[in-house]
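Visitor: Just one file: entry_38.cif, with mmCIF, C-alpha atoms.
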```
data_coords
loop_
_atom_site.group_PDB
_atom_site.id
_atom_site.type_symbol
_atom_site.label_atom_id
_atom_site.label_comp_id
_atom_site.auth_asym_id
_atom_site.auth_seq_id
_atom_site.Cartn_x
_atom_site.Cartn_y
_atom_site.Cartn_z
ATOM 1 C CA MET L 18 98.278 91.369 23.738
ATOM 2 C CA ALA L 19 101.475 89.703 22.532
ATOM 3 C CA ALA L 20 101.377 85.975 21.800
ATOM 4 C CA PRO L 21 103.166 83.811 24.403
ATOM 5 C CA MET L 22 106.752 82.946 23.544
ATOM 6 C CA LYS L 23 107.053 79.465 22.107
ATOM 7 C CA LYS L 24 108.921 76.869 24.154
ATOM 8 C CA THR L 25 110.500 74.083 22.148
ATOM 9 C CA VAL L 26 109.691 70.509 23.155
ATOM 10 C CA GLU L 27 111.622 67.817 21.297
ATOM 11 C CA LEU L 28 110.178 64.308 21.210
ATOM 12 C CA PHE L 29 112.794 61.656 20.434
ATOM 13 C CA TYR L 30 111.038 58.421 19.572
ATOM 14 C CA ASP L 31 110.998 55.023 17.907
ATOM 15 C CA VAL L 32 107.767 53.421 16.700
ATOM 16 C CA VAL L 33 108.792 50.085 18.223
ATOM 17 C CA SER L 34 107.717 51.384 21.641
ATOM 18 C CA PRO L 35 104.037 51.228 22.686
ATOM 19 C CA TYR L 36 104.648 53.616 25.582
ATOM 20 C CA THR L 37 106.080 56.082 23.109
ATOM 21 C CA TRP L 38 102.853 55.926 21.092
ATOM 22 C CA ILE L 39 101.051 57.108 24.201
ATOM 23 C CA GLY L 40 103.540 59.937 24.733
ATOM 24 C CA PHE L 41 103.318 60.891 21.073
ATOM 25 C CA GLU L 42 99.521 61.091 21.024
ATOM 26 C CA VAL L 43 99.294 62.958 24.324
ATOM 27 C CA LEU L 44 101.809 65.573 23.176
ATOM 28 C CA CYS L 45 99.988 65.955 19.870
ATOM 29 C CA ARG L 46 96.738 66.509 21.799
ATOM 30 C CA TYR L 47 98.384 69.030 24.099
ATOM 31 C CA ARG L 48 99.292 71.292 21.185
ATOM 32 C CA THR L 49 95.724 72.610 21.124
ATOM 33 C CA LYS L 50 95.797 73.266 24.862
ATOM 34 C CA TRP L 51 99.349 74.567 25.131
ATOM 35 C CA PRO L 52 99.774 77.075 22.277
ATOM 36 C CA ASN L 53 103.175 78.105 23.629
ATOM 37 C CA MET L 54 104.569 74.615 22.963
ATOM 38 C CA ASP L 55 106.559 74.138 19.756
ATOM 39 C CA LEU L 56 106.529 70.358 19.400
ATOM 40 C CA GLN L 57 109.343 68.941 17.280
ATOM 41 C CA LEU L 58 109.237 65.271 16.284
ATOM 42 C CA LYS L 59 112.658 63.629 16.138
ATOM 43 C CA PRO L 60 112.748 59.968 15.074
ATOM 44 C CA PHE L 61 115.750 58.153 16.546
ATOM 45 C CA PHE L 62 116.923 54.538 16.798
ATOM 46 C CA LEU L 63 115.956 53.031 20.132
ATOM 47 C CA GLY L 64 118.169 49.996 19.596
ATOM 48 C CA GLY L 65 121.218 52.250 19.512
ATOM 49 C CA VAL L 66 120.081 54.134 22.606
ATOM 50 C CA MET L 67 119.543 50.909 24.555
ATOM 51 C CA LYS L 68 122.928 49.520 23.561
ATOM 52 C CA GLU L 69 124.943 52.651 24.277
ATOM 53 C CA SER L 70 123.167 53.365 27.577
ATOM 54 C CA GLY L 71 123.453 49.770 28.807
ATOM 55 C CA ASN L 72 119.687 49.412 29.081
ATOM 56 C CA LYS L 73 117.560 46.552 27.784
ATOM 57 C CA PRO L 74 113.931 46.280 26.623
ATOM 58 C CA PRO L 75 111.272 45.548 29.265
ATOM 59 C CA ALA L 76 110.298 42.410 27.343
ATOM 60 C CA MET L 77 113.789 41.012 27.963
ATOM 61 C CA VAL L 78 113.040 40.896 31.700
ATOM 62 C CA PRO L 79 110.432 38.125 32.252
ATOM 63 C CA ASN L 80 108.457 39.841 35.015
ATOM 64 C CA LYS L 81 108.471 43.166 33.168
ATOM 65 C CA GLY L 82 107.392 41.453 29.973
ATOM 66 C CA SER L 83 104.426 39.815 31.663
ATOM 67 C CA TYR L 84 103.418 43.054 33.329
ATOM 68 C CA MET L 85 103.827 45.018 30.100
ATOM 69 C CA ILE L 86 101.141 42.965 28.319
ATOM 70 C CA LYS L 87 98.563 43.893 30.950
ATOM 71 C CA ASP L 88 99.867 47.413 31.309
ATOM 72 C CA ILE L 89 99.520 48.428 27.670
ATOM 73 C CA GLN L 90 95.983 47.034 27.555
ATOM 74 C CA ARG L 91 94.938 49.217 30.481
ATOM 75 C CA LEU L 92 96.798 52.253 29.198
ATOM 76 C CA GLY L 93 95.294 51.851 25.755
ATOM 77 C CA LYS L 94 91.812 51.827 27.230
ATOM 78 C CA TYR L 95 92.555 54.850 29.414
ATOM 79 C CA TYR L 96 94.083 56.999 26.676
ATOM 80 C CA GLY L 97 91.794 55.845 23.878
ATOM 81 C CA ILE L 98 94.677 54.315 21.905
ATOM 82 C CA PRO L 99 94.069 50.868 20.314
ATOM 83 C CA LEU L 100 97.121 49.114 21.776
ATOM 84 C CA LYS L 101 97.374 45.386 21.187
ATOM 85 C CA GLN L 102 100.395 43.173 21.770
ATOM 86 C CA PRO L 103 101.772 41.824 18.440
ATOM 87 C CA LYS L 104 102.091 38.052 18.253
ATOM 88 C CA ASP L 105 105.745 38.117 17.169
ATOM 89 C CA PHE L 106 107.067 41.080 19.095
ATOM 90 C CA ALA L 107 110.664 39.809 18.920
ATOM 91 C CA SER L 108 110.809 40.376 15.160
ATOM 92 C CA VAL L 109 109.539 43.904 15.672
ATOM 93 C CA MET L 110 111.763 44.680 18.651
ATOM 94 C CA PHE L 111 114.968 44.017 16.748
ATOM 95 C CA GLY L 112 113.911 45.253 13.312
ATOM 96 C CA THR L 113 112.977 48.926 13.346
ATOM 97 C CA LEU L 114 116.198 50.419 11.993
ATOM 98 C CA PRO L 115 114.874 50.371 8.369
ATOM 99 C CA VAL L 116 111.534 51.736 9.583
ATOM 100 C CA GLN L 117 113.222 54.633 11.364
ATOM 101 C CA ARG L 118 115.372 55.338 8.306
ATOM 102 C CA PHE L 119 112.304 55.482 6.085
ATOM 103 C CA LEU L 120 110.588 57.758 8.594
ATOM 104 C CA THR L 121 113.699 59.942 8.660
ATOM 105 C CA ALA L 122 113.794 60.133 4.861
ATOM 106 C CA VAL L 123 110.182 61.315 4.843
ATOM 107 C CA ASP L 124 110.859 63.791 7.639
ATOM 108 C CA MET L 125 113.738 65.301 5.656
ATOM 109 C CA THR L 126 111.836 65.706 2.395
ATOM 110 C CA ASN L 127 108.135 65.793 3.326
ATOM 111 C CA PRO L 128 107.961 66.690 7.041
ATOM 112 C CA GLU L 129 104.251 67.443 6.793
ATOM 113 C CA TYR L 130 103.717 63.661 6.778
ATOM 114 C CA THR L 131 105.999 62.780 9.695
ATOM 115 C CA GLU L 132 103.262 62.814 12.328
ATOM 116 C CA GLU L 133 100.715 60.753 10.436
ATOM 117 C CA LEU L 134 103.285 58.307 9.062
ATOM 118 C CA SER L 135 104.552 57.673 12.593
ATOM 119 C CA ARG L 136 100.990 57.031 13.685
ATOM 120 C CA GLN L 137 100.412 54.621 10.789
ATOM 121 C CA PHE L 138 103.480 52.610 11.761
ATOM 122 C CA TRP L 139 102.169 52.342 15.309
ATOM 123 C CA PHE L 140 98.824 51.225 13.896
ATOM 124 C CA ARG L 141 100.552 48.493 11.897
ATOM 125 C CA ILE L 142 102.642 47.232 14.817
ATOM 126 C CA TRP L 143 100.501 47.837 17.880
ATOM 127 C CA LYS L 144 96.937 47.639 16.565
ATOM 128 C CA ASN L 145 96.779 45.532 13.412
ATOM 129 C CA ASP L 146 99.754 43.220 14.080
ATOM 130 C CA GLU L 147 101.039 43.837 10.557
ATOM 131 C CA PRO L 148 104.694 43.494 9.537
ATOM 132 C CA VAL L 149 107.046 46.445 9.092
ATOM 133 C CA THR L 150 110.025 44.583 7.675
ATOM 134 C CA GLU L 151 109.882 45.191 3.923
ATOM 135 C CA PRO L 152 109.737 48.280 1.677
ATOM 136 C CA GLN L 153 106.192 47.349 0.612
ATOM 137 C CA HIS L 154 105.125 47.632 4.276
ATOM 138 C CA PHE L 155 106.631 51.117 4.476
ATOM 139 C CA ALA L 156 104.817 52.061 1.289
ATOM 140 C CA GLU L 157 101.493 50.800 2.631
ATOM 141 C CA ALA L 158 101.859 52.881 5.793
ATOM 142 C CA ALA L 159 102.913 55.932 3.798
ATOM 143 C CA LYS L 160 99.935 55.610 1.470
ATOM 144 C CA LYS L 161 97.574 55.547 4.451
ATOM 145 C CA ALA L 162 99.370 58.634 5.761
ATOM 146 C CA GLY L 163 98.331 60.423 2.566
ATOM 147 C CA MET L 164 101.619 60.411 0.667
ATOM 148 C CA SER L 165 101.679 60.271 -3.112
ATOM 149 C CA GLU L 166 103.239 57.396 -5.039
ATOM 150 C CA ASP L 167 106.058 59.656 -6.225
ATOM 151 C CA ASP L 168 106.883 60.844 -2.707
ATOM 152 C CA ILE L 169 106.792 57.286 -1.406
ATOM 153 C CA SER L 170 109.096 56.074 -4.170
ATOM 154 C CA SER L 171 111.490 58.940 -3.482
ATOM 155 C CA ALA L 172 111.592 58.196 0.266
ATOM 156 C CA LEU L 173 112.216 54.492 -0.365
ATOM 157 C CA LYS L 174 115.238 55.400 -2.483
ATOM 158 C CA ARG L 175 116.516 58.018 -0.062
ATOM 159 C CA MET L 176 116.293 55.888 3.091
ATOM 160 C CA SER L 177 119.618 54.204 2.288
ATOM 161 C CA GLU L 178 121.475 57.401 1.407
ATOM 162 C CA PRO L 179 124.255 58.676 3.714
ATOM 163 C CA ASP L 180 122.537 61.930 4.687
ATOM 164 C CA VAL L 181 119.449 60.057 5.905
ATOM 165 C CA LYS L 182 121.533 57.582 7.891
ATOM 166 C CA ASN L 183 123.556 60.472 9.315
ATOM 167 C CA ARG L 184 120.409 62.333 10.378
ATOM 168 C CA LEU L 185 119.102 59.283 12.228
ATOM 169 C CA THR L 186 122.484 58.804 13.876
ATOM 170 C CA GLN L 187 122.571 62.507 14.760
ATOM 171 C CA TYR L 188 119.209 62.422 16.529
ATOM 172 C CA THR L 189 120.133 59.205 18.320
ATOM 173 C CA LYS L 190 123.423 60.698 19.507
ATOM 174 C CA GLN L 191 121.713 63.932 20.492
ATOM 175 C CA ALA L 192 119.378 62.023 22.774
ATOM 176 C CA LEU L 193 122.212 59.905 24.181
ATOM 177 C CA ASP L 194 124.307 62.983 24.890
ATOM 178 C CA ASP L 195 121.360 64.329 26.840
ATOM 179 C CA GLY L 196 121.258 61.168 28.942
ATOM 180 C CA ALA L 197 118.618 59.119 27.113
ATOM 181 C CA PHE L 198 118.186 55.463 28.021
ATOM 182 C CA GLY L 199 114.822 54.734 26.419
ATOM 183 C CA SER L 200 111.835 56.067 24.508
ATOM 184 C CA PRO L 201 110.063 58.422 24.602
ATOM 185 C CA TRP L 202 112.781 60.900 25.510
ATOM 186 C CA ILE L 203 111.512 64.462 25.775
ATOM 187 C CA ILE L 204 113.658 67.584 25.966
ATOM 188 C CA ALA L 205 111.944 70.836 26.927
ATOM 189 C CA HIS L 206 113.869 74.051 26.344
ATOM 190 C CA ILE L 207 112.982 76.372 29.206
ATOM 191 C CA ASN L 208 114.581 79.811 29.549
ATOM 192 C CA GLY L 209 117.771 78.737 27.823
ATOM 193 C CA LYS L 210 118.059 75.487 29.749
ATOM 194 C CA LYS L 211 117.238 71.908 28.774
ATOM 195 C CA GLU L 212 114.916 69.840 30.931
ATOM 196 C CA SER L 213 114.788 66.128 30.132
ATOM 197 C CA VAL L 214 111.700 64.027 30.760
ATOM 198 C CA PHE L 215 111.481 60.268 30.201
ATOM 199 C CA GLY L 216 108.382 58.181 29.606
ATOM 200 C CA SER L 217 104.698 58.658 28.929
ATOM 201 C CA ASP L 218 103.662 59.236 32.549
ATOM 202 C CA ARG L 219 105.429 62.517 33.333
ATOM 203 C CA PHE L 220 103.107 65.001 31.699
ATOM 204 C CA PRO L 221 102.210 66.831 34.913
ATOM 205 C CA ILE L 222 105.955 67.444 35.318
ATOM 206 C CA LEU L 223 106.231 68.681 31.735
ATOM 207 C CA ALA L 224 103.219 70.921 32.329
ATOM 208 C CA MET L 225 104.947 72.380 35.368
ATOM 209 C CA LEU L 226 108.152 72.997 33.408
ATOM 210 C CA LEU L 227 106.201 74.753 30.649
ATOM 211 C CA GLY L 228 104.493 77.004 33.168
ATOM 212 C CA LYS L 229 101.064 75.497 32.598
ATOM 213 C CA ILE L 230 100.492 74.843 36.305
ATOM 214 C CA PRO L 231 100.123 77.922 38.540
ATOM 215 C CA LYS L 232 102.505 77.919 41.497
ATOM 216 C CA SER L 233 99.485 78.080 43.763
ATOM 217 C CA HIS L 234 98.425 74.673 42.418
ATOM 218 C CA LEU L 235 101.674 72.817 43.043
ATOM 219 C CA TRP L 236 101.612 70.195 45.742
ATOM 220 C CA LYS L 237 102.352 71.686 49.144
ATOM 221 C CA ALA L 238 104.131 69.853 51.957
ATOM 222 C CA SER L 239 102.756 70.845 55.343
ATOM 223 C CA SER L 240 104.970 71.884 58.208
ATOM 224 C CA SER L 241 104.322 68.462 59.717
ATOM 225 C CA LEU L 242 106.656 66.978 57.116
ATOM 226 C CA ALA L 243 109.610 68.472 58.929
ATOM 227 C CA LYS L 244 108.333 66.854 62.130
ATOM 228 C CA GLY L 245 108.188 63.435 60.557
ATOM 229 C CA ASP L 246 104.391 63.267 60.508
ATOM 230 C CA ASP L 247 102.216 62.061 57.630
ATOM 231 C CA PRO L 248 102.197 65.103 55.266
ATOM 232 C CA ILE L 249 99.006 63.990 53.533
ATOM 233 C CA HIS L 250 96.620 63.038 56.312
ATOM 234 C CA SER L 251 97.934 65.637 58.763
ATOM 235 C CA SER L 252 97.341 68.479 56.287
ATOM 236 C CA PRO L 253 94.111 70.465 56.199
ATOM 237 C CA PRO L 254 91.655 69.161 53.552
ATOM 238 C CA GLU L 255 92.232 72.187 51.349
ATOM 239 C CA GLU L 256 95.944 71.305 51.110
ATOM 240 C CA ARG L 257 95.559 67.791 49.812
ATOM 241 C CA GLY L 258 93.955 65.819 47.024
ATOM 242 C CA VAL L 259 92.427 66.721 43.685
ATOM 243 C CA ASP L 260 90.154 69.342 45.240
ATOM 244 C CA HIS L 261 93.226 71.481 45.841
ATOM 245 C CA HIS L 262 94.487 70.918 42.315
ATOM 246 C CA PRO L 263 91.834 71.903 39.764
ATOM 247 C CA TRP L 264 94.435 71.763 37.003
ATOM 248 C CA LEU L 265 94.371 67.965 37.321
ATOM 249 C CA ALA L 266 90.836 67.879 35.971
ATOM 250 C CA GLU L 267 91.902 69.935 32.956
ATOM 251 C CA MET L 268 94.876 67.634 32.364
ATOM 252 C CA GLU L 269 92.597 64.599 32.459
ATOM 253 C CA GLU L 270 90.289 66.146 29.865
ATOM 254 C CA VAL L 271 93.217 66.635 27.503
ATOM 255 C CA LEU L 272 94.578 63.139 28.097
ATOM 256 C CA ILE L 273 91.382 61.326 27.179
ATOM 257 C CA GLU L 274 89.661 63.643 24.690
#
```
Can you give me the file's structure in the form of structure tokens?
Guide:
Amino acid sequence: MAAPMKKTVELFYDVVSPYTWIGFEVLCRYRTKWPNMDLQLKPFFLGGVMKESGNKPPAMVPNKGSYMIKDIQRLGKYYGIPLKQPKDFASVMFGTLPVQRFLTAVDMTNPEYTEELSRQFWFRIWKNDEPVTEPQHFAEAAKKAGMSEDDISSALKRMSEPDVKNRLTQYTKQALDDGAFGSPWIIAHINGKKESVFGSDRFPILAMLLGKIPKSHLWKASSSLAKGDDPIHSSPPEERGVDHHPWLAEMEEVLIE
């Protein structure tokens, strides 16, 4: 039996975002469940995306900022990710360009460390409340990711070179051209077409796009919908709720394992 054809899923991300950490970890977990997914990690600069799209960080909106503190605590507990609000988030929010350049330099020369280095930066920012402003901070994260001293030194030198800056700009522009306005920005390549998905709470949609949900398990609107009735409570029991969607249980297992 032939292996299923791989479907490329590009994750555009910036380690400044806690919601992106969730999306990152969930996608990394899904690789074992979705062997037809070719996950490609693409570090970009969220600050540039926000500026060019006219968006602004949730923390810049008082009510969103207050909600976000509670939200990431609950999400961290649910997904098993040690999210903790840093004390001086403002310094982090406006200072990840060097971090993303260092991550890009590593991705260009030692891509086998991209995943773990990204994770270590999230650990520093969103778990340990450690700074990520100086080269020594990048080196500390890289060392924990398993990189050698020579590779770390090389990446620190390369992060300011034009080709590294151009790569980061390229990925940022690629996401913007696709309509990005935040992080994580996910592009799934399905049958020659691009499907864009934003955020860390759209994985059932991504699963559907990748063909991981049988058509028989998609939500069904009853004929009462056309009549203006309540499509949920007027439907037969077998047409509503989790009982009719066994794939949800499988998705939950992947999300929290």
Visitor: Using CA of Trp202 in chain L and CA of Asp168 in chain L as the two end points, give the distance in Å to one decimal.
Guide: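 Value for the CA of Trp202 in chain L-CA of Asp168 in chain L distance: 28.8 Å.
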Visitor: Env of Phe215 in chain L: 9 Å cut, atoms = only C-alpha atoms, seq-sep filter 5 positions within chain, self excluded. Answer as a ChimeraX atom specification.
Guide: /L:197-204
Visitor: Got a sec: who's within 12 Å of Arg219 in chain L, counting all atoms listed in the file, leaving out chain neighbours fewer than 4 positions off, as a tab-separated table (two decimals) with C-alpha atoms, keeping the file's coordinate frame?
Guide:
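Output contents, as saved in part27.tsv:
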```
chain	number	residue	atom	x	y	z
L	36	TYR	CA	104.65	53.62	25.58
L	39	ILE	CA	101.05	57.11	24.20
L	40	GLY	CA	103.54	59.94	24.73
L	43	VAL	CA	99.29	62.96	24.32
L	44	LEU	CA	101.81	65.57	23.18
L	201	PRO	CA	110.06	58.42	24.60
L	202	TRP	CA	112.78	60.90	25.51
L	203	ILE	CA	111.51	64.46	25.78
L	213	SER	CA	114.79	66.13	30.13
L	214	VAL	CA	111.70	64.03	30.76
L	215	PHE	CA	111.48	60.27	30.20
L	223	LEU	CA	106.23	68.68	31.74
L	224	ALA	CA	103.22	70.92	32.33
L	225	MET	CA	104.95	72.38	35.37
L	226	LEU	CA	108.15	73.00	33.41
L	268	MET	CA	94.88	67.63	32.36
```
Visitor: Calculate how many Å separate CA of Ile207 in chain L from CA of Lys23 in chain L, rounding to one decimal.
Guide: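 Distance reported for this atom pair: 9.8 Å.
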Visitor: With a distance cut-off of 9 Å and all atoms listed in the file, select the neighbouring residues of range 90-96 of chain L, excluding the residue or stretch itself and same-chain residues fewer than 2 positions from it, and output the selection as a VMD selection string.
Guide: chain L and resid 36 39 42 to 43 85 to 88 98 to 102 272 to 274
Visitor: Run the PyMOL selection byres ((chain L and resi 186) around 12) mentally over the shown coordinates, then write out the matched residues as number ranges by chain, using the chain letters and numbers from the document.
Guide: L: 59-66, 114, 117-118, 121, 179-185, 187-194
Visitor: What gap, in Å, lies between CA of Met176 in chain L and CA of Phe119 in chain L?
Guide: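 CA of Met176 in chain L sits 5.0 Å away from CA of Phe119 in chain L.
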Visitor: At a cut-off of 10 Å, using only C-alpha atoms, what residues contact Ala76 in chain L? Leave out same-chain residues fewer than 3 positions from it and give the result as a list in words.
Guide: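 Contacts, in chain order: Lys73, Pro79, Asn80, Lys81, Gly82, Ser83, Tyr84, Met85, Ile86, Phe106, Ala107 and Met110 of chain L.
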Visitor: Excluding Leu120 in chain L and its own-chain neighbours fewer than 4 positions away, which residues fall within 7 Å of it when counting all atoms listed in the file? Please give them as a list in words.
Guide: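 Here the qualifying residues turn out to be Val116, Asp124 and Thr131 of chain L.
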Visitor: Of the candidates L:Thr150, L:Met125, L:Ile89, L:Gly97, which one gets nearest to Glu178 in chain L if we count all atoms listed in the file?
Guide: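 Checking each of L:Thr150, L:Met125, L:Ile89, L:Gly97 against Glu178 in chain L, counting all atoms listed in the file, the winner is L:Met125.
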Visitor: Pick out the closest residue to Ser217 in chain L from this set: L:Leu28, L:Leu134, L:Met54, L:Ala159. Count only C-alpha atoms.
Guide: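 When distances to Ser217 in chain L are compared using only C-alpha atoms, the smallest one comes from L:Leu28.
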